[in-house]
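Data block below; observations after.
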Amino acid sequence: MCSELAKDVPTNMPSQVSKAPDKEGTSVVSPVSTADVDKIAGQFSQAARHYQEHDKVQRLSAQRLRASMSPVGRLLDIGCGPGTDFSAARGLNEVLALDIAPGMLSQMRASFPGYKALCGDAQALPLSDASIDTLYSNLALQWCSDIKTAIGELARVLKPGGQCHLAIVVDGSLAELDALGLRVNAFEAAQTVLYGFSDNQWQIEHQTVEALRVHFDDLKTLLYSIKGVGASTATGVNDQPSVRLRGRRDWQSLCERVEAMRQPEGLPLTYQILFIHASRKAS
């Protein structure tokens, strides 16, 4: 499904037992099942056309990331979505935009035809070792089933001395939904993510967890901000949500409860974001 996006890069999604050769012959094992990858890709592809109508928190974190970085050389944007504007970075030679969802890449190519589109998984990057100067990823890596494997891939493709700039959603996010009894995605603790950056490969230049809060006019818009960017509220055992909405009365009751949370700016939704600036040590 990604064959037209980058003809010189392998685009099949690797299964748990298969190996995906990268562009120059290195084999990488992915821990993600084909079914899981296809499900995630499908959700984000469906959201692609209207993604930028709902990406409030993504825009905030992107501004925060770009303000603290000076990208150079060959940049890889992991989980690029509809694309990020790096035109102000004078030191860049090339931008590689990678996403698991073909629909997102189609939107990205329409806005940034000069970028090279790569359809692939962050846990099995279709690139050769030490081929990237700058890594950038904004609110994408939290969707990886094995964050440690993804970080290992970052170390593999980044050149010694290369810079890595990440924003990752971590535990404690979406507390407002949890307070309403809605089960939300289980995100990793910030310390768990940081443990993946081994001392022999990485120098952590700076790391911090910041709360980014966005506001909405009503509950429907708030919930659609999650679904509208390809994510979703999690479900309970046997795919049953923890709050059953059996009809209009249940929905109205939920809307009344959420009104108690309203702030002057609107209904709040808070994300805990781990920002990381790391450099790749020489092997």
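How things are named: the first chain in the structure tokens is A, the next is B, and so on; residues count from 1 in each chain; ligands count from 1 in the order shown.
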Please provide the set of residues having any atom within 9 Å of segment 85-91 of chain A, restricted to only C-alpha atoms, with same-chain residues fewer than 3 positions apart removed, written as a list of chain:residue names. A:Arg66, A:Ser70, A:Pro71, A:Val72, A:Gly73, A:Val95, A:Phe112
When you look at Gly196 of chain A with a cut-off of 8 Å (counting only C-alpha atoms), what residues show up, excluding the ones that are within fewer than 3 positions of it in the same chain? I need them as a count of residues only. 6
Of the residues A:Ser225, A:Ser173, A:Ser106, A:Gln63, which is the one nearest to Val209 of chain A, using only C-alpha atoms?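 Looking at the shortest contact to Val209 of chain A, the residue is A:Ser173.
Closest approach to Thr84 of chain A among A:Ala62, A:Val214, A:Ala175, A:Met104 is made by A:Ala62 (distances from only C-alpha atoms).
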Identify all residues of segment 67-140 of chain A in alpha helix (DSSP H) (DSSP on the backbone) and supply them as a PyMOL selection string. chain A and resi 67+102-111
Å distance separating atom CA of Phe187 of chain A from atom CA of Asp129 of chain A, one decimal place: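 So the two atoms, atom CA of Phe187 of chain A and atom CA of Asp129 of chain A, lie 28.7 Å apart.
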Would you please give, as a ChimeraX atom specification, all residues of segment 74-116 of chain A that DSSP assigns to strand (DSSP E or B) based on the backbone? /A:74-78,92-99,116
My list of candidates is A:Asp55, A:Glu94, A:Glu210, A:Glu176. Which is closest to Leu267 of chain A when distances are computed with only C-alpha atoms?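 The shortest atom-to-atom distance to Leu267 of chain A comes from A:Glu176.
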Which neighbours of segment 260-263 of chain A fall inside 10 Å, counting only C-alpha atoms, when residues of the same chain fewer than 5 positions from it are skipped, and could you give them as number ranges by chain? A: 176, 179, 215-218, 255, 268-269
Could you turn the residues from that selection into a file that holds N, CA, C and O atoms, as a PDB file, in the first residue's frame?
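See again-v9.pdb below for the written result:
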ATOM      1  N   GLU A 176      -8.380  14.300  32.619  1.00  0.00           N
ATOM      2  CA  GLU A 176      -9.779  14.727  32.635  1.00  0.00           C
ATOM      3  C   GLU A 176     -10.700  13.603  32.160  1.00  0.00           C
ATOM      4  O   GLU A 176     -11.795  13.418  32.713  1.00  0.00           O
ATOM      5  N   ALA A 179     -10.963  11.006  34.867  1.00  0.00           N
ATOM      6  CA  ALA A 179     -11.851  11.445  35.937  1.00  0.00           C
ATOM      7  C   ALA A 179     -13.319  11.229  35.577  1.00  0.00           C
ATOM      8  O   ALA A 179     -14.165  11.065  36.463  1.00  0.00           O
ATOM      9  N   HIS A 215      -7.972  23.488  25.124  1.00  0.00           N
ATOM     10  CA  HIS A 215      -9.351  23.696  25.555  1.00  0.00           C
ATOM     11  C   HIS A 215     -10.320  23.568  24.384  1.00  0.00           C
ATOM     12  O   HIS A 215      -9.956  23.856  23.233  1.00  0.00           O
ATOM     13  N   PHE A 216     -11.551  23.169  24.724  1.00  0.00           N
ATOM     14  CA  PHE A 216     -12.563  22.918  23.703  1.00  0.00           C
ATOM     15  C   PHE A 216     -13.902  23.483  24.158  1.00  0.00           C
ATOM     16  O   PHE A 216     -14.166  23.629  25.357  1.00  0.00           O
ATOM     17  N   ASP A 217     -14.752  23.776  23.182  1.00  0.00           N
ATOM     18  CA  ASP A 217     -16.056  24.361  23.491  1.00  0.00           C
ATOM     19  C   ASP A 217     -16.995  23.370  24.152  1.00  0.00           C
ATOM     20  O   ASP A 217     -17.807  23.748  24.997  1.00  0.00           O
ATOM     21  N   ASP A 218     -16.909  22.087  23.737  1.00  0.00           N
ATOM     22  CA  ASP A 218     -17.830  21.088  24.280  1.00  0.00           C
ATOM     23  C   ASP A 218     -17.166  19.720  24.293  1.00  0.00           C
ATOM     24  O   ASP A 218     -16.070  19.538  23.757  1.00  0.00           O
ATOM     25  N   CYS A 255     -22.097  14.877  29.691  1.00  0.00           N
ATOM     26  CA  CYS A 255     -21.870  16.289  29.363  1.00  0.00           C
ATOM     27  C   CYS A 255     -22.059  17.168  30.590  1.00  0.00           C
ATOM     28  O   CYS A 255     -21.324  18.149  30.790  1.00  0.00           O
ATOM     29  N   PRO A 268     -11.005  21.628  29.509  1.00  0.00           N
ATOM     30  CA  PRO A 268      -9.574  21.345  29.382  1.00  0.00           C
ATOM     31  C   PRO A 268      -9.284  19.883  29.064  1.00  0.00           C
ATOM     32  O   PRO A 268     -10.026  18.976  29.436  1.00  0.00           O
ATOM     33  N   LEU A 269      -8.187  19.679  28.366  1.00  0.00           N
ATOM     34  CA  LEU A 269      -7.635  18.351  28.146  1.00  0.00           C
ATOM     35  C   LEU A 269      -6.118  18.494  28.258  1.00  0.00           C
ATOM     36  O   LEU A 269      -5.514  19.279  27.527  1.00  0.00           O
TER      37      LEU A 269
END
In Å and to one decimal, atom CA of Leu177 of chain A is distant from atom CA of Tyr271 of chain A by 11.1 Å
Write out as a VMD selection string the residues lying within 9 Å of Gly83 of chain A, counting only C-alpha atoms and excluding same-chain residues fewer than 5 positions away. chain A and resid 77 97 104 to 105 107 to 109 111 to 112 115
Close residues, Leu60 of chain A itself excluded, 10 Å, only C-alpha atoms, min 4 positions apart in chain, as a list in words: Asp55, Lys56, Arg64, Leu65, Leu212, Arg213 and Val214 of chain A
Based on the selection just made, write all heavy atoms of those residues as a compact mmCIF listing (two decimals), in the first residue's frame.
# COMPACT_ATOMS: atom_id res chain seq x y z
N ASP A 55 -5.43 19.09 15.57
CA ASP A 55 -4.10 18.82 16.15
C ASP A 55 -3.59 19.96 17.03
O ASP A 55 -2.47 20.41 16.90
CB ASP A 55 -3.10 18.50 15.04
CG ASP A 55 -2.89 19.66 14.07
OD1 ASP A 55 -3.74 20.57 14.07
OD2 ASP A 55 -1.88 19.65 13.35
N LYS A 56 -4.42 20.40 17.96
CA LYS A 56 -4.04 21.53 18.82
C LYS A 56 -2.78 21.23 19.61
O LYS A 56 -1.83 22.03 19.64
CB LYS A 56 -5.18 21.86 19.79
CG LYS A 56 -6.35 22.59 19.19
CD LYS A 56 -7.33 23.01 20.28
CE LYS A 56 -8.45 23.86 19.73
NZ LYS A 56 -9.35 24.33 20.83
N ARG A 64 7.33 24.04 20.50
CA ARG A 64 8.29 23.88 21.60
C ARG A 64 9.54 23.16 21.12
O ARG A 64 10.66 23.55 21.47
CB ARG A 64 7.60 23.11 22.73
CG ARG A 64 8.48 22.60 23.83
CD ARG A 64 9.02 23.70 24.71
NE ARG A 64 9.63 23.16 25.89
CZ ARG A 64 10.83 22.58 25.93
NH1 ARG A 64 11.54 22.49 24.83
NH2 ARG A 64 11.31 22.10 27.05
N LEU A 65 9.37 22.11 20.33
CA LEU A 65 10.51 21.34 19.82
C LEU A 65 11.38 22.18 18.89
O LEU A 65 12.61 22.23 19.04
CB LEU A 65 10.02 20.11 19.06
CG LEU A 65 9.84 18.79 19.81
CD1 LEU A 65 9.40 17.71 18.84
CD2 LEU A 65 11.11 18.37 20.53
N LEU A 212 0.94 20.16 28.72
CA LEU A 212 0.36 21.00 27.67
C LEU A 212 -1.15 20.84 27.73
O LEU A 212 -1.67 19.72 27.60
CB LEU A 212 0.89 20.60 26.29
CG LEU A 212 2.38 20.78 26.04
CD1 LEU A 212 2.70 20.50 24.58
CD2 LEU A 212 2.86 22.18 26.42
N ARG A 213 -1.84 21.94 27.93
CA ARG A 213 -3.29 21.90 28.09
C ARG A 213 -3.96 22.64 26.94
O ARG A 213 -3.57 23.76 26.58
CB ARG A 213 -3.70 22.54 29.42
CG ARG A 213 -5.21 22.57 29.68
CD ARG A 213 -5.49 22.97 31.12
NE ARG A 213 -5.00 21.92 32.02
CZ ARG A 213 -4.77 22.13 33.33
NH1 ARG A 213 -4.94 23.34 33.85
NH2 ARG A 213 -4.35 21.14 34.08
N VAL A 214 -4.94 21.98 26.36
CA VAL A 214 -5.73 22.58 25.29
C VAL A 214 -7.19 22.62 25.74
O VAL A 214 -7.60 21.89 26.66
CB VAL A 214 -5.58 21.80 23.96
CG1 VAL A 214 -4.20 22.00 23.38
CG2 VAL A 214 -5.83 20.30 24.17
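Minimum atom-to-atom distance to Lys220 of chain A, evaluated using only C-alpha atoms, belongs to A:Gln252 out of A:Gln252, A:Ser283, A:Gln191, A:Asn185.
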Got a sec: who's within 9 Å of Trp202 of chain A, counting only C-alpha atoms, leaving out chain neighbours fewer than 4 positions off, as a PyMOL selection string? chain A and resi 155+197-198+278-282
For Ala101 of chain A, the closest of A:Leu166, A:Ile78, A:Leu154, A:Ile276 counting only C-alpha atoms is A:Ile78
